[in-house]
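Structure first, commentary second.
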Amino acid sequence: QRQVVESGGGLVQAGGSLRLSCTGSRRIIFTPNTMAWYRRTPGNERELVAAITRMSDSTNYADSVKGRFTISRDNARNTVYLQMNSLEPEDTALYYCNTVPPNRTYWGQGTQVTVSS
């Protein structure tokens with residue numbers, strides 16, 4: 001059983017929006033931890049896109065997505081979200097969620113986001 005499942009990706013035109021969701025199978029994965037969305041493109045390392053603290057009192061974003069992406073969480077639902085607006089072709093990647101720092105056992109299959117120009 002996968003411990004973390006990401007969803008919500010798809011194909012969208014530049015300027016469009018998507019909302020990603022990430023759900024943990026066990027509350028222990030999410031509730032005590034700062035959570036983040038990461039992304040990876042072929043040939044590159046995974047990069048942290050956005051992070052949110054346990055009680056949602058602080059968020060952090062990569063410079064490339066500031067002002068366009070918003071991370072949020074619902075601890076009662078064991079779910080983390082990433083609202084992505086004004087998408088650009090450079091946002092095309094496989095998106096994952098995990099703790100901060102990442103736990104190797106929590107990497108899911110990710111959800112693919114493809115932005116066409």
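Ligands are numbered from 1 in the order shown, residues from 1 within each chain, and chains are lettered A, B, ... in the order they appear in the structure tokens.
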
Residues within 12 Å of Thr111 in chain A, only C-alpha atoms, excluding chain neighbours under 6 positions, as a list of chain:residue names: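 So, after excluding close chain neighbours, the residues are A:Val4, A:Val5, A:Glu6, A:Ser7, A:Gly8, A:Gly9, A:Gly10, A:Leu11, A:Leu18, A:Arg19, A:Leu20, A:Ser21, A:Cys22, A:Trp37, A:Tyr38, A:Arg39, A:Arg40, A:Leu82, A:Thr92, A:Ala93, A:Leu94, A:Tyr95, A:Tyr96, A:Cys97.
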
Please produce an output containing C-alpha atoms for each residue in the selection, written as a short mmCIF file (atom, residue, chain, number, x, y, z; two decimals), in the first residue's frame.
data_model
loop_
_atom_site.label_atom_id
_atom_site.label_comp_id
_atom_site.auth_asym_id
_atom_site.auth_seq_id
_atom_site.Cartn_x
_atom_site.Cartn_y
_atom_site.Cartn_z
CA VAL A 4 1.40 8.83 -0.04
CA VAL A 5 -0.74 9.35 -3.13
CA GLU A 6 -0.54 12.45 -5.32
CA SER A 7 -3.27 13.46 -7.79
CA GLY A 8 -4.60 16.37 -9.81
CA GLY A 9 -1.99 16.66 -12.52
CA GLY A 10 -2.75 16.95 -16.19
CA LEU A 11 -2.19 18.80 -19.43
CA LEU A 18 -4.30 23.12 -11.67
CA ARG A 19 -4.83 22.00 -8.10
CA LEU A 20 -2.76 19.11 -6.84
CA SER A 21 -3.69 16.97 -3.85
CA CYS A 22 -1.60 14.65 -1.74
CA TRP A 37 5.66 19.70 -2.73
CA TYR A 38 8.67 18.75 -4.81
CA ARG A 39 9.07 18.41 -8.56
CA ARG A 40 11.48 16.75 -10.91
CA LEU A 82 -0.91 22.90 -4.22
CA THR A 92 6.21 20.93 -16.57
CA ALA A 93 7.42 18.21 -14.21
CA LEU A 94 6.48 15.24 -12.08
CA TYR A 95 5.21 16.59 -8.76
CA TYR A 96 5.54 14.79 -5.44
CA CYS A 97 4.77 15.56 -1.84
#

Non-local contacts of range 59-76 of chain A (12 Å; only C-alpha atoms; under 3 positions in same chain excluded) as a ChimeraX atom specification: /A:15-24,26-39,47-56,79-88,90-91,97,100

Test item, strand (DSSP E or B) assignment across range 42-107 of chain A, answer as a PyMOL selection string: chain A and resi 47-52+59-61+69-74+79-84+93-99

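Backbone DSSP over chain A gives helix (DSSP H, G or I) for Arg27, Ile28, Ile29, Phe30, Asn75, Ala76, Arg77, Pro89, Glu90, Asp91, Arg104, Thr105 and Tyr106 of chain A.
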
Atomic distance CA of Thr105 in chain A - CA of Ser58 in chain A, expressed in Å with one decimal: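 Computing it gives 25.0 Å between the two atoms.
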